[in-house]
>>> print(open('structure02.cif').read())   # mmCIF, C-alpha atoms
data_entry
#
loop_
_atom_site.label_atom_id
_atom_site.label_comp_id
_atom_site.auth_asym_id
_atom_site.auth_seq_id
_atom_site.Cartn_x
_atom_site.Cartn_y
_atom_site.Cartn_z
CA MET A 280 157.57 91.44 166.42
CA GLU A 281 159.44 93.20 163.63
CA LYS A 282 163.04 94.08 164.52
CA SER A 283 163.92 97.76 164.30
CA GLN A 284 166.68 97.10 161.75
CA ASP A 285 164.11 95.39 159.50
CA LYS A 286 161.83 98.42 159.45
CA LEU A 287 161.92 101.06 156.75
CA SER A 288 163.56 104.32 157.75
CA GLY A 289 161.89 107.68 157.28
CA LYS A 290 164.15 108.27 154.27
CA ASP A 291 163.04 104.98 152.70
CA TRP A 292 159.39 105.94 153.16
CA PHE A 293 160.00 109.40 151.70
CA LEU A 294 161.73 108.08 148.58
CA ALA A 295 159.22 105.25 148.06
CA SER A 296 156.25 107.59 148.50
CA VAL A 297 157.53 110.18 146.01
CA ALA A 298 158.38 107.44 143.49
CA GLY A 299 155.12 105.60 144.24
CA VAL A 300 153.14 108.51 142.82
CA ALA A 301 154.05 107.06 139.39
CA SER A 302 151.88 104.03 140.22
CA TYR A 303 149.13 106.28 141.59
CA LEU A 304 149.04 108.30 138.36
CA ASP A 305 149.01 105.17 136.19
CA ALA A 306 145.92 103.86 137.98
CA ALA A 307 144.26 107.29 138.23
CA LEU A 308 144.63 107.94 134.49
CA LEU A 309 143.14 104.59 133.50
CA VAL A 310 140.25 104.75 136.00
CA SER A 311 139.46 108.41 135.31
CA ALA A 312 139.43 107.79 131.56
CA GLY A 313 137.03 104.89 132.12
CA ILE A 314 134.74 107.14 134.18
CA ALA A 315 134.87 109.91 131.58
CA LEU A 316 134.43 107.70 128.52
CA ALA A 317 130.64 107.83 128.36
CA ILE A 318 130.62 111.60 128.95
CA TRP A 319 133.21 112.22 126.22
CA SER A 320 131.25 110.02 123.81
CA ASP A 321 128.11 112.06 124.40
CA HIS A 322 129.81 115.47 124.44
CA PHE A 323 131.83 114.97 121.25
CA GLY A 324 129.09 112.96 119.54
CA ILE A 325 131.38 110.08 118.64
CA ASN A 326 130.40 106.57 117.57
CA PRO A 327 131.31 103.34 119.42
CA TRP A 328 134.32 102.80 117.17
CA TRP A 329 135.89 106.11 118.23
CA THR A 330 135.00 105.35 121.85
CA GLY A 331 137.12 102.22 121.55
CA VAL A 332 139.90 104.25 119.93
CA ILE A 333 140.02 106.58 122.96
CA SER A 334 140.33 103.71 125.43
CA THR A 335 142.87 101.83 123.30
CA ALA A 336 144.96 104.97 122.70
CA LEU A 337 145.59 105.41 126.42
CA THR A 338 146.34 101.71 127.04
CA LEU A 339 148.77 101.48 124.12
CA SER A 340 150.41 104.79 125.05
CA VAL A 341 151.18 103.48 128.54
CA ALA A 342 152.65 100.31 127.02
CA ILE A 343 154.80 102.21 124.50
CA GLY A 344 155.89 104.65 127.20
CA ALA A 345 157.06 101.77 129.40
CA LEU A 346 158.93 100.20 126.48
CA PHE A 347 160.90 103.30 125.49
CA GLY A 348 160.94 105.14 128.80
CA GLY A 349 162.79 102.37 130.60
CA ARG A 350 165.46 102.29 127.89
CA LEU A 351 165.83 106.09 127.85
CA SER A 352 166.26 106.19 131.63
CA ASP A 353 169.04 103.58 131.52
CA LYS A 354 170.74 105.46 128.70
CA PHE A 355 170.39 109.10 129.79
CA GLY A 356 169.97 108.83 133.55
CA ARG A 357 167.12 107.48 135.64
CA VAL A 358 166.65 110.56 137.82
CA ARG A 359 166.60 112.91 134.81
CA VAL A 360 163.98 110.86 132.93
CA PHE A 361 162.15 110.25 136.24
CA ASN A 362 161.65 114.03 136.60
CA ILE A 363 160.73 114.74 132.96
CA ASP A 364 158.12 111.95 132.91
CA ILE A 365 156.09 113.38 135.75
CA LEU A 366 156.02 116.87 134.21
CA LEU A 367 154.68 115.45 130.94
CA VAL A 368 151.93 113.58 132.84
CA ALA A 369 150.82 116.94 134.24
CA ILE A 370 150.89 118.60 130.81
CA GLY A 371 148.97 115.75 129.18
CA SER A 372 146.34 115.78 131.94
CA ILE A 373 145.79 119.53 131.54
CA ILE A 374 145.29 119.06 127.79
CA ILE A 375 142.75 116.28 128.49
CA ALA A 376 140.92 118.44 131.05
CA PHE A 377 140.44 121.37 128.68
CA SER A 378 140.01 119.48 125.40
CA ASN A 379 137.37 120.98 123.13
CA SER A 380 137.81 118.52 120.27
CA MET A 381 138.55 114.84 119.67
CA PRO A 382 142.06 115.44 118.24
CA MET A 383 142.99 117.54 121.28
CA LEU A 384 141.66 114.86 123.63
CA LEU A 385 143.67 112.14 121.88
CA ILE A 386 146.84 114.26 122.02
CA GLY A 387 146.41 114.73 125.76
CA LEU A 388 145.73 111.03 126.35
CA ILE A 389 148.76 109.99 124.31
CA ILE A 390 151.12 112.44 126.08
CA ALA A 391 149.88 111.49 129.56
CA GLY A 392 149.89 107.77 128.72
CA LEU A 393 153.41 107.78 127.26
CA ALA A 394 154.80 109.70 130.24
CA SER A 395 152.95 107.61 132.81
CA GLY A 396 154.13 104.38 131.21
CA ALA A 397 157.73 105.64 131.05
CA ASP A 398 157.67 106.52 134.74
CA LEU A 399 156.72 103.00 135.89
CA PRO A 400 160.00 101.13 135.16
CA THR A 401 162.04 104.27 135.82
CA SER A 402 160.63 104.85 139.31
CA LEU A 403 161.21 101.18 140.24
CA ALA A 404 164.86 101.39 139.18
CA VAL A 405 165.34 104.64 141.13
CA ILE A 406 163.97 103.01 144.28
CA THR A 407 165.81 99.69 144.14
CA GLU A 408 169.24 101.21 143.52
CA ARG A 409 168.84 103.44 146.60
CA VAL A 410 167.20 101.12 149.13
CA SER A 411 168.82 98.17 150.87
CA PRO A 412 168.09 94.79 149.21
CA LYS A 413 166.68 93.68 152.57
CA HIS A 414 163.86 96.19 152.07
CA HIS A 415 163.09 95.86 148.36
CA GLY A 416 159.87 93.94 149.03
CA LYS A 417 158.65 96.59 151.46
CA VAL A 418 159.31 99.61 149.26
CA ILE A 419 157.77 97.88 146.24
CA THR A 420 154.70 97.19 148.40
CA ILE A 421 154.40 100.94 148.96
CA THR A 422 154.19 101.50 145.18
CA GLU A 423 151.40 98.89 145.05
CA MET A 424 149.48 100.72 147.79
CA PHE A 425 149.76 103.94 145.78
CA TRP A 426 148.38 102.10 142.74
CA ILE A 427 145.29 101.00 144.66
CA LEU A 428 144.93 104.49 146.13
CA GLY A 429 144.85 105.77 142.55
CA ILE A 430 141.85 103.52 141.91
CA LEU A 431 140.04 104.37 145.16
CA LEU A 432 140.47 108.14 145.03
CA SER A 433 139.54 108.30 141.35
CA GLN A 434 136.39 106.26 142.02
CA ALA A 435 135.49 108.51 144.95
CA LEU A 436 136.10 111.69 142.95
CA GLY A 437 134.16 110.23 140.02
CA PHE A 438 131.21 109.53 142.32
CA LEU A 439 131.28 113.09 143.74
CA THR A 440 131.38 114.65 140.26
CA SER A 441 129.02 112.15 138.57
CA THR A 442 126.28 114.76 137.97
CA MET A 443 128.62 117.46 136.61
CA ASP A 444 129.07 116.11 133.04
CA MET A 445 132.13 117.64 131.31
CA THR A 446 132.90 119.79 134.34
CA GLY A 447 133.22 116.57 136.33
CA THR A 448 135.73 115.09 133.86
CA ARG A 449 137.74 118.33 134.02
CA VAL A 450 137.89 118.04 137.80
CA LEU A 451 139.15 114.44 137.51
CA PHE A 452 142.06 115.38 135.24
CA ILE A 453 142.87 118.70 136.90
CA TRP A 454 143.28 116.67 140.10
CA ILE A 455 145.69 114.30 138.33
CA ALA A 456 147.62 117.26 136.91
CA ALA A 457 147.84 118.86 140.36
CA ILE A 458 149.20 115.66 141.95
CA ALA A 459 151.73 115.32 139.12
CA MET A 460 152.86 118.96 139.42
CA ILE A 461 153.28 118.74 143.20
CA ASN A 462 155.27 115.53 142.78
CA TRP A 463 157.40 117.12 140.04
CA GLY A 464 158.07 120.11 142.28
CA ILE A 465 159.27 117.84 145.08
CA ARG A 466 161.45 115.80 142.72
CA VAL A 467 163.09 118.85 141.11
CA PHE A 468 163.12 121.65 143.70
CA SER A 469 163.16 119.93 147.10
CA LYS A 470 166.71 120.02 148.51
CA LYS A 471 165.62 117.55 151.17
CA PHE A 472 164.46 115.02 148.58
CA ARG A 473 167.67 115.32 146.55
CA GLN A 474 169.66 114.92 149.75
CA VAL A 475 167.68 111.80 150.68
CA GLU A 476 168.26 110.34 147.18
CA HIS A 477 172.00 110.96 147.47
CA GLU A 478 172.34 109.72 151.06
CA LEU A 479 170.40 106.52 150.43
CA TYR A 480 172.42 105.80 147.30
CA GLU A 481 175.71 106.24 149.14
CA GLN A 482 174.47 104.34 152.19
CA ASN A 483 173.26 101.28 150.27
CA ALA A 484 175.52 101.25 147.20
CA HIS A 485 177.90 98.62 148.60
CA GLU A 486 175.10 96.31 149.75
CA ASN A 487 173.20 96.66 146.46
CA ASN A 488 176.34 96.01 144.44
CA ARG A 489 177.10 92.91 146.51
CA ALA A 490 173.56 91.58 145.93
CA GLN A 491 173.65 92.43 142.22
CA PRO A 492 177.15 93.33 140.96
CA ALA A 493 177.33 96.00 138.27
CA GLN A 494 178.14 94.43 134.91
CA LYS A 495 178.83 95.78 131.46
CA VAL A 496 176.02 94.10 129.55
CA SER A 497 174.48 95.46 126.36
CA ILE A 498 170.75 95.47 125.75
CA LYS A 499 171.34 93.05 122.86
CA ALA A 500 172.93 90.57 125.26
CA ILE A 501 169.67 90.41 127.23
CA PHE A 502 167.88 88.95 124.21
CA ALA A 503 170.83 86.84 123.02
CA SER A 504 171.86 85.23 126.31
CA LYS A 505 169.93 82.30 127.76
CA LYS A 506 170.69 83.32 131.34
CA TYR A 507 168.88 86.63 130.78
CA MET A 508 166.25 85.72 128.21
CA VAL A 509 164.84 82.64 129.98
CA PRO A 510 164.09 84.57 133.20
CA LEU A 511 162.58 87.39 131.12
CA ILE A 512 160.18 84.96 129.41
CA SER A 513 159.29 83.32 132.72
CA ILE A 514 158.75 86.60 134.60
CA THR A 515 156.74 88.14 131.76
CA GLY A 516 154.60 84.99 131.44
CA PHE A 517 153.91 85.08 135.17
CA TYR A 518 152.87 88.75 135.01
CA LEU A 519 150.76 88.30 131.87
CA PHE A 520 148.63 85.44 133.22
CA TRP A 521 148.30 87.21 136.58
CA ASN A 522 147.32 90.43 134.81
CA ILE A 523 144.58 88.94 132.61
CA PRO A 524 142.22 88.21 135.57
CA ALA A 525 143.32 91.42 137.33
CA ASN A 526 142.54 93.53 134.25
CA THR A 527 139.29 91.64 133.61
CA TRP A 528 137.86 92.62 136.98
CA GLY A 529 139.58 96.00 137.11
CA SER A 530 137.91 97.01 133.85
CA PHE A 531 134.71 94.98 133.74
CA VAL A 532 133.52 94.14 137.26
CA ASN A 533 130.82 96.85 137.12
CA TYR A 534 129.73 95.67 133.68
CA PHE A 535 129.60 92.06 134.89
CA LEU A 536 127.60 92.79 138.04
CA VAL A 537 125.14 95.18 136.37
CA THR A 538 124.70 93.56 132.95
CA ILE A 539 125.17 89.88 133.76
CA ASN A 540 124.15 89.66 137.44
CA GLY A 541 121.44 92.35 137.36
CA ARG A 542 122.84 94.35 140.30
CA THR A 543 122.66 98.14 140.58
CA GLN A 544 125.52 100.49 139.76
CA SER A 545 125.61 101.51 143.42
CA TYR A 546 126.06 97.91 144.54
CA SER A 547 128.87 97.18 142.10
CA THR A 548 130.67 100.43 142.96
CA ALA A 549 130.40 99.71 146.69
CA LEU A 550 131.69 96.14 146.27
CA GLY A 551 134.67 97.37 144.26
CA PHE A 552 135.43 100.09 146.80
CA PHE A 553 135.43 97.77 149.83
CA ALA A 554 137.33 95.05 147.94
CA ASN A 555 140.08 97.60 147.21
CA LEU A 556 140.11 98.65 150.86
CA ALA A 557 140.68 95.00 151.77
CA ALA A 558 143.49 94.85 149.21
CA ILE A 559 145.29 97.81 150.82
CA ALA A 560 144.85 96.27 154.28
CA VAL A 561 146.40 92.98 153.08
CA LEU A 562 149.31 94.83 151.47
CA PHE A 563 150.05 96.89 154.57
CA PHE A 564 149.40 94.43 157.39
CA ILE A 565 150.50 91.17 155.76
CA TYR A 566 152.50 91.55 152.56
CA MET A 567 154.75 94.37 153.74
CA LYS A 568 155.66 92.44 156.90
CA LEU A 569 156.44 89.17 155.11
CA ALA A 570 157.76 90.29 151.70
CA ASP A 571 161.41 90.37 152.78
CA THR A 572 161.31 87.25 154.94
CA LYS A 573 161.57 83.49 154.46
CA TYR A 574 157.77 83.45 154.10
CA ARG A 575 157.79 85.35 150.77
CA TYR A 576 156.90 82.32 148.66
CA THR A 577 154.70 80.62 151.22
CA MET A 578 152.63 83.78 151.09
CA MET A 579 152.72 83.80 147.28
CA HIS A 580 151.54 80.18 146.94
CA THR A 581 148.78 80.79 149.50
CA GLY A 582 147.59 83.85 147.59
CA ILE A 583 147.47 82.08 144.22
CA PHE A 584 145.70 79.07 145.74
CA LEU A 585 142.97 81.23 147.31
CA CYS A 586 142.50 83.21 144.09
CA VAL A 587 142.16 80.01 142.06
CA LEU A 588 139.76 78.56 144.65
CA SER A 589 137.56 81.68 144.57
CA PHE A 590 136.91 81.32 140.84
CA VAL A 591 136.61 77.53 140.98
CA ILE A 592 133.77 77.95 143.48
CA SER A 593 132.17 80.64 141.34
CA GLY A 594 132.50 78.41 138.26
CA ILE A 595 130.99 75.37 140.00
CA PHE A 596 128.07 77.16 141.64
CA GLY A 597 127.34 79.51 138.78
CA GLY A 598 128.89 82.75 137.60
CA THR A 599 125.41 84.24 137.38
CA SER A 600 124.88 83.90 141.14
CA TRP A 601 125.66 87.42 142.31
CA ILE A 602 126.09 86.38 145.96
CA ILE A 603 128.66 83.70 145.16
CA PHE A 604 130.44 85.92 142.65
CA SER A 605 130.55 88.84 145.10
CA ALA A 606 132.17 86.64 147.76
CA ALA A 607 134.61 85.20 145.20
CA TYR A 608 135.51 88.66 143.91
CA PHE A 609 136.12 90.00 147.43
CA ILE A 610 138.40 87.06 148.34
CA TYR A 611 140.22 87.37 145.01
CA SER A 612 140.79 91.12 145.44
CA ALA A 613 142.22 90.71 148.93
CA CYS A 614 144.42 87.66 148.20
CA ASN A 615 145.58 88.86 144.79
CA ASN A 616 148.08 91.12 146.54
CA LEU A 617 149.86 88.23 148.23
CA HIS A 618 151.40 87.46 144.84
CA GLY A 619 151.30 88.99 141.38
CA GLU A 620 152.62 92.45 140.61
CA SER A 621 154.60 92.90 143.82
CA ILE A 622 156.56 89.66 143.28
CA TYR A 623 156.91 90.53 139.59
CA LYS A 624 158.50 93.87 140.43
CA ILE A 625 160.92 92.23 142.85
CA TRP A 626 161.98 89.69 140.21
CA THR A 627 162.50 92.30 137.48
CA GLN A 628 164.89 94.15 139.78
CA SER A 629 166.71 90.97 140.89
CA PHE A 630 167.71 89.17 137.70
CA TYR A 631 169.33 92.01 135.78
CA PRO A 632 172.27 94.42 136.17
CA PRO A 633 171.32 97.84 137.62
CA ASP A 634 171.99 99.68 134.35
CA LEU A 635 169.47 97.54 132.44
CA ARG A 636 166.70 97.07 135.00
CA ALA A 637 164.48 99.87 133.70
CA SER A 638 164.93 98.73 130.07
CA VAL A 639 164.02 95.11 130.83
CA THR A 640 161.11 96.06 133.10
CA GLY A 641 159.78 98.51 130.51
CA PHE A 642 159.91 95.87 127.77
CA SER A 643 158.13 93.33 129.95
CA ILE A 644 155.41 95.78 131.05
CA ALA A 645 154.84 96.84 127.44
CA VAL A 646 154.38 93.25 126.22
CA VAL A 647 151.95 92.45 129.03
CA ARG A 648 149.90 95.66 128.65
CA ILE A 649 149.52 95.18 124.88
CA LEU A 650 148.49 91.51 125.14
CA THR A 651 146.12 92.27 128.00
CA ALA A 652 144.51 95.04 125.94
CA VAL A 653 143.93 92.54 123.11
CA CYS A 654 142.33 90.08 125.54
CA SER A 655 140.04 92.77 126.94
CA VAL A 656 138.48 93.27 123.50
CA PHE A 657 136.91 89.81 123.76
CA THR A 658 136.05 89.86 127.47
CA PRO A 659 132.53 91.39 127.25
CA VAL A 660 131.60 88.90 124.50
CA ILE A 661 132.67 85.94 126.64
CA MET A 662 130.85 87.39 129.67
CA ASN A 663 127.60 87.58 127.75
CA TYR A 664 128.03 84.18 126.10
CA SER A 665 128.79 82.24 129.29
CA PRO A 666 129.77 83.67 132.72
CA ASP A 667 130.77 80.15 133.83
CA LEU A 668 133.13 79.80 130.87
CA LEU A 669 134.75 83.10 131.84
CA MET A 670 135.34 81.83 135.40
CA TRP A 671 137.04 78.67 134.15
CA MET A 672 139.18 80.66 131.71
CA LEU A 673 140.34 82.83 134.61
CA VAL A 674 141.08 79.70 136.65
CA ALA A 675 143.21 78.44 133.74
CA SER A 676 145.00 81.79 133.52
CA LEU A 677 145.90 81.72 137.22
CA VAL A 678 147.08 78.09 137.02
CA ILE A 679 149.40 79.04 134.15
CA CYS A 680 150.55 82.03 136.22
CA TRP A 681 151.31 79.60 139.07
CA ALA A 682 153.36 77.40 136.73
CA PHE A 683 155.44 80.39 135.60
CA ALA A 684 155.91 81.35 139.26
CA ALA A 685 157.30 77.88 140.05
CA ALA A 686 159.59 78.10 137.01
CA THR A 687 160.88 81.51 138.07
CA ILE A 688 161.62 80.31 141.62
CA LYS A 689 163.70 77.50 140.11
CA LEU A 690 165.65 80.13 138.16
CA VAL A 691 166.19 82.14 141.34
CA LYS A 692 167.72 79.02 142.90
CA LYS A 693 169.70 78.14 139.77
CA TYR A 694 171.35 81.54 139.50
CA ASN A 695 171.70 82.10 143.27
CA ILE A 696 169.74 85.35 143.17
CA HIS A 697 169.72 87.18 146.49
CA ASP A 698 166.30 86.21 147.84
CA PRO A 699 165.21 85.93 151.49
CA GLY A 700 162.52 83.44 150.52
CA ILE A 701 165.03 80.81 149.38
CA ARG A 702 167.94 79.04 151.06
CA HIS A 703 170.84 78.44 148.67
CA SER A 704 172.96 75.44 149.46
CA VAL A 705 175.20 75.70 146.41
CA THR A 706 177.01 78.72 145.02
CA ASN A 707 177.02 78.84 141.26
CA LYS A 708 180.06 80.83 140.26
CA ASP A 709 179.44 80.54 136.56
CA THR A 710 176.09 82.23 136.35
CA GLY A 711 177.34 85.78 136.10
CA LEU A 712 174.41 86.78 138.30
CA SER A 713 174.29 87.81 141.92
CA GLN A 714 175.06 85.37 144.71
CA ARG A 715 174.20 85.22 148.37
#
>>> encode(input="structure02.cif", output="structure tokens")
Amino acid sequence: MEKSQDKLSGKDWFLASVAGVASYLDAALLVSAGIALAIWSDHFGINPWWTGVISTALTLSVAIGALFGGRLSDKFGRVRVFNIDILLVAIGSIIIAFSNSMPMLLIGLIIAGLASGADLPTSLAVITERVSPKHHGKVITITEMFWILGILLSQALGFLTSTMDMTGTRVLFIWIAAIAMINWGIRVFSKKFRQVEHELYEQNAHENNRAQPAQKVSIKAIFASKKYMVPLISITGFYLFWNIPANTWGSFVNYFLVTINGRTQSYSTALGFFANLAAIAVLFFIYMKLADTKYRYTMMHTGIFLCVLSFVISGIFGGTSWIIFSAAYFIYSACNNLHGESIYKIWTQSFYPPDLRASVTGFSIAVVRILTAVCSVFTPVIMNYSPDLLMWMLVASLVICWAFAAATIKLVKKYNIHDPGIRHSVTNKDTGLSQR
């Protein structure tokens, strides 16, 4: 039974939900663009090369936005950049919705992608400096649930508008713009929200500072100091090799099931929908309850093991067997949320001083998104050449992810990072990082 003092307050939920819309919009933009891609290609009469340019432009824009947005928020104020980002997502989405030419479409995608990417590290920093360290895992879980909701609602809206051609794509992006504008209005004009931001900051400032003392550290010191750079490499490596399988199935599961396994579009869409429902259930009923407890890493290791096992079984018994793959994909989707991005977000907020968290997180996200985009170029080729080879490559990726996870946990222990999943028997006073 969860103790009342361990539960999130209404204020925590309010802040995390408003900030979590950044994750919703990130997912919604990527999924909606994927749904609209074939329609845009036909409407504008573009060749496959330009189709690839459209998809790549959005992916790279999100990466570049994360890289520079995080730094700008640390330099000019997280709340200020937080509010500007969301307005630009709305503007970019409106331009996309009413584009009547390829240049106009690209401009809209770039604006929305840059702003969405910038909002990801900024929103995380806003949350973690206002919520008690005891609840960081829970509030970060809320942002993950919003990300999956972005996928689910975009898929549902795409299905409902699938026969409407360009009108359907306009509906998809007008919806995104509307969500962004409502969120912007709450962030900027709601006295209640500003009051909650202020009250939570004042309420938890002492506890947050004790867990991670404010330090005067330049951005150059992050890349010059071993105590900062080694964790950054380890955390980014963990996220990259977790993200490669996640992006593979997020982008290509329909292609794999229809083209390789010979299933219908309806079947693949339904499998993806119910797998994402299972993912949300796992996040809410399991991860959120255990994220800030001593079971954090037991849960993480269990999740990675089950994900590895799912693809090992698929690799052994044949990636072309749609029944085995469907079961493996469902297990992977559910268990993938016991580790991965949620733990990654916790670590990025734990190792670094508050004034540099957004910058470091933005850099890490940018590196991972760019490298993942490069990998995705080759994914369909590998799928067609050998589905079994793809499964074993994903197994290898997750094993490497697991190794980086183990390395990062050692760093948490070494630097005495405040972490409920680890007991520290020795206090290292020379680390310059937070202590328990």
>>> residues_around(input="structure02.cif", residues="Ile565 of chain A", least_positions_apart="2", cutoff="12 Å", atoms="all atoms listed in the file", output="MDAnalysis selection string")
chainID A and resid 416:417 420 557:563 567:572 574:575 578:579 582 613:614 616:618
>>> closest_atom_pairs(input="structure02.cif", of="segment 604-710 of chain A", to="segment 585-597 of chain A", cutoff="12 Å", atoms="only C-alpha atoms", output="Markdown table")
| residue | atom | partner | partner_atom | distance |
| --- | --- | --- | --- | --- |
| A:Phe604 | CA | A:Ser593 | CA | 5.7 |
| A:Ser605 | CA | A:Ser593 | CA | 9.2 |
| A:Ala606 | CA | A:Ser589 | CA | 8.0 |
| A:Ala607 | CA | A:Ser589 | CA | 4.6 |
| A:Tyr608 | CA | A:Ser589 | CA | 7.3 |
| A:Phe609 | CA | A:Ser589 | CA | 8.9 |
| A:Ile610 | CA | A:Ser589 | CA | 6.6 |
| A:Tyr611 | CA | A:Cys586 | CA | 4.8 |
| A:Ser612 | CA | A:Cys586 | CA | 8.2 |
| A:Ala613 | CA | A:Cys586 | CA | 8.9 |
| A:Cys614 | CA | A:Cys586 | CA | 6.4 |
| A:Asn615 | CA | A:Cys586 | CA | 6.5 |
| A:Asn616 | CA | A:Cys586 | CA | 10.0 |
| A:Leu617 | CA | A:Cys586 | CA | 9.8 |
| A:His618 | CA | A:Cys586 | CA | 9.9 |
| A:Gly619 | CA | A:Cys586 | CA | 10.9 |
| A:Ser665 | CA | A:Gly597 | CA | 10.0 |
| A:Pro666 | CA | A:Gly597 | CA | 7.7 |
| A:Asp667 | CA | A:Gly594 | CA | 5.1 |
| A:Leu668 | CA | A:Gly594 | CA | 7.5 |
| A:Leu669 | CA | A:Gly594 | CA | 8.3 |
| A:Met670 | CA | A:Gly594 | CA | 5.3 |
| A:Trp671 | CA | A:Gly594 | CA | 6.1 |
| A:Met672 | CA | A:Phe590 | CA | 9.4 |
| A:Leu673 | CA | A:Phe590 | CA | 7.3 |
| A:Val674 | CA | A:Val587 | CA | 5.5 |
| A:Ala675 | CA | A:Val587 | CA | 8.5 |
| A:Ser676 | CA | A:Val587 | CA | 9.2 |
| A:Leu677 | CA | A:Val587 | CA | 6.4 |
| A:Val678 | CA | A:Val587 | CA | 7.3 |
| A:Ile679 | CA | A:Val587 | CA | 10.8 |
| A:Cys680 | CA | A:Val587 | CA | 10.4 |
| A:Trp681 | CA | A:Val587 | CA | 9.6 |
>>> residues_around(input="structure02.cif", residues="segment 442-457 of chain A", least_positions_apart="5", cutoff="6 Å", atoms="all atoms listed in the file", output="number ranges by chain")
A: 315, 369, 372, 376
>>> write_last_selection(input="structure02.cif", atoms="C-alpha atoms", output="PDB file, keeping the file's coordinate frame")
ATOM      1  CA  ALA A 315     134.870 109.910 131.580  1.00  0.00           C
ATOM      2  CA  ALA A 369     150.820 116.940 134.240  1.00  0.00           C
ATOM      3  CA  SER A 372     146.340 115.780 131.940  1.00  0.00           C
ATOM      4  CA  ALA A 376     140.920 118.440 131.050  1.00  0.00           C
TER       5      ALA A 376
END
>>> closest_residue(input="structure02.cif", among="A:Phe425, A:Phe683, A:Ile688, A:Ile514", to="Thr627 of chain A", atoms="only C-alpha atoms")
A:Ile514
>>> resolve_selection(input="structure02.cif", expression="the PyMOL selection byres ((chain A and resi 290-292) around 8)", output="ChimeraX atom specification")
/A:287-289,293-296,410,418,475,479
>>> atom_distance(input="structure02.cif", atom1="atom CA of Ser629 of chain A", atom2="atom CA of Phe584 of chain A")
24.6 Å
>>> closest_residue(input="structure02.cif", among="A:Leu428, A:Val509, A:Leu308, A:Ala684", to="Ile583 of chain A", atoms="all atoms listed in the file")
A:Ala684
>>> axis_aligned_box(input="structure02.cif", around="segment 568-580 of chain A", padding_each_side="8 Å", output="lines of an AutoDock Vina configuration file")
center_x = 156.6
center_y = 86.3
center_z = 151.9
size_x = 26.0
size_y = 28.3
size_z = 26.0
>>> residues_around(input="structure02.cif", residues="Ser302 of chain A", least_positions_apart="4", cutoff="9 Å", atoms="only C-alpha atoms", output="ChimeraX atom specification")
/A:298,306-307,395,398-399,402,422-427,429
>>> residues_around(input="structure02.cif", residues="Met381 of chain A", least_positions_apart="4", cutoff="10 Å", atoms="all atoms listed in the file", output="VMD selection string")
chain A and resid 319 to 320 322 to 325 329 333 375 385 to 387
>>> closest_residue(input="structure02.cif", among="A:Met662, A:Ile343, A:Ala404, A:Ile374", to="Phe531 of chain A", atoms="all atoms listed in the file")
A:Met662
>>> closest_atom_pairs(input="structure02.cif", of="segment 579-671 of chain A", to="segment 524-527 of chain A", cutoff="9 Å", atoms="all atoms listed in the file", output="JSON lines")
{"residue": "A:Ser612", "atom": "CA", "partner": "A:Ala525", "partner_atom": "CA", "distance": 8.5}
{"residue": "A:Asn615", "atom": "CA", "partner": "A:Ala525", "partner_atom": "CA", "distance": 8.2}
{"residue": "A:Thr651", "atom": "CA", "partner": "A:Asn526", "partner_atom": "CA", "distance": 7.3}
{"residue": "A:Ala652", "atom": "CA", "partner": "A:Asn526", "partner_atom": "CA", "distance": 8.7}
{"residue": "A:Cys654", "atom": "CA", "partner": "A:Thr527", "partner_atom": "CA", "distance": 8.8}
{"residue": "A:Ser655", "atom": "CA", "partner": "A:Thr527", "partner_atom": "CA", "distance": 6.8}
{"residue": "A:Thr658", "atom": "CA", "partner": "A:Thr527", "partner_atom": "CA", "distance": 7.2}
>>> atom_distance(input="structure02.cif", atom1="atom CA of Ser311 of chain A", atom2="atom CA of Gly437 of chain A")
7.3 Å
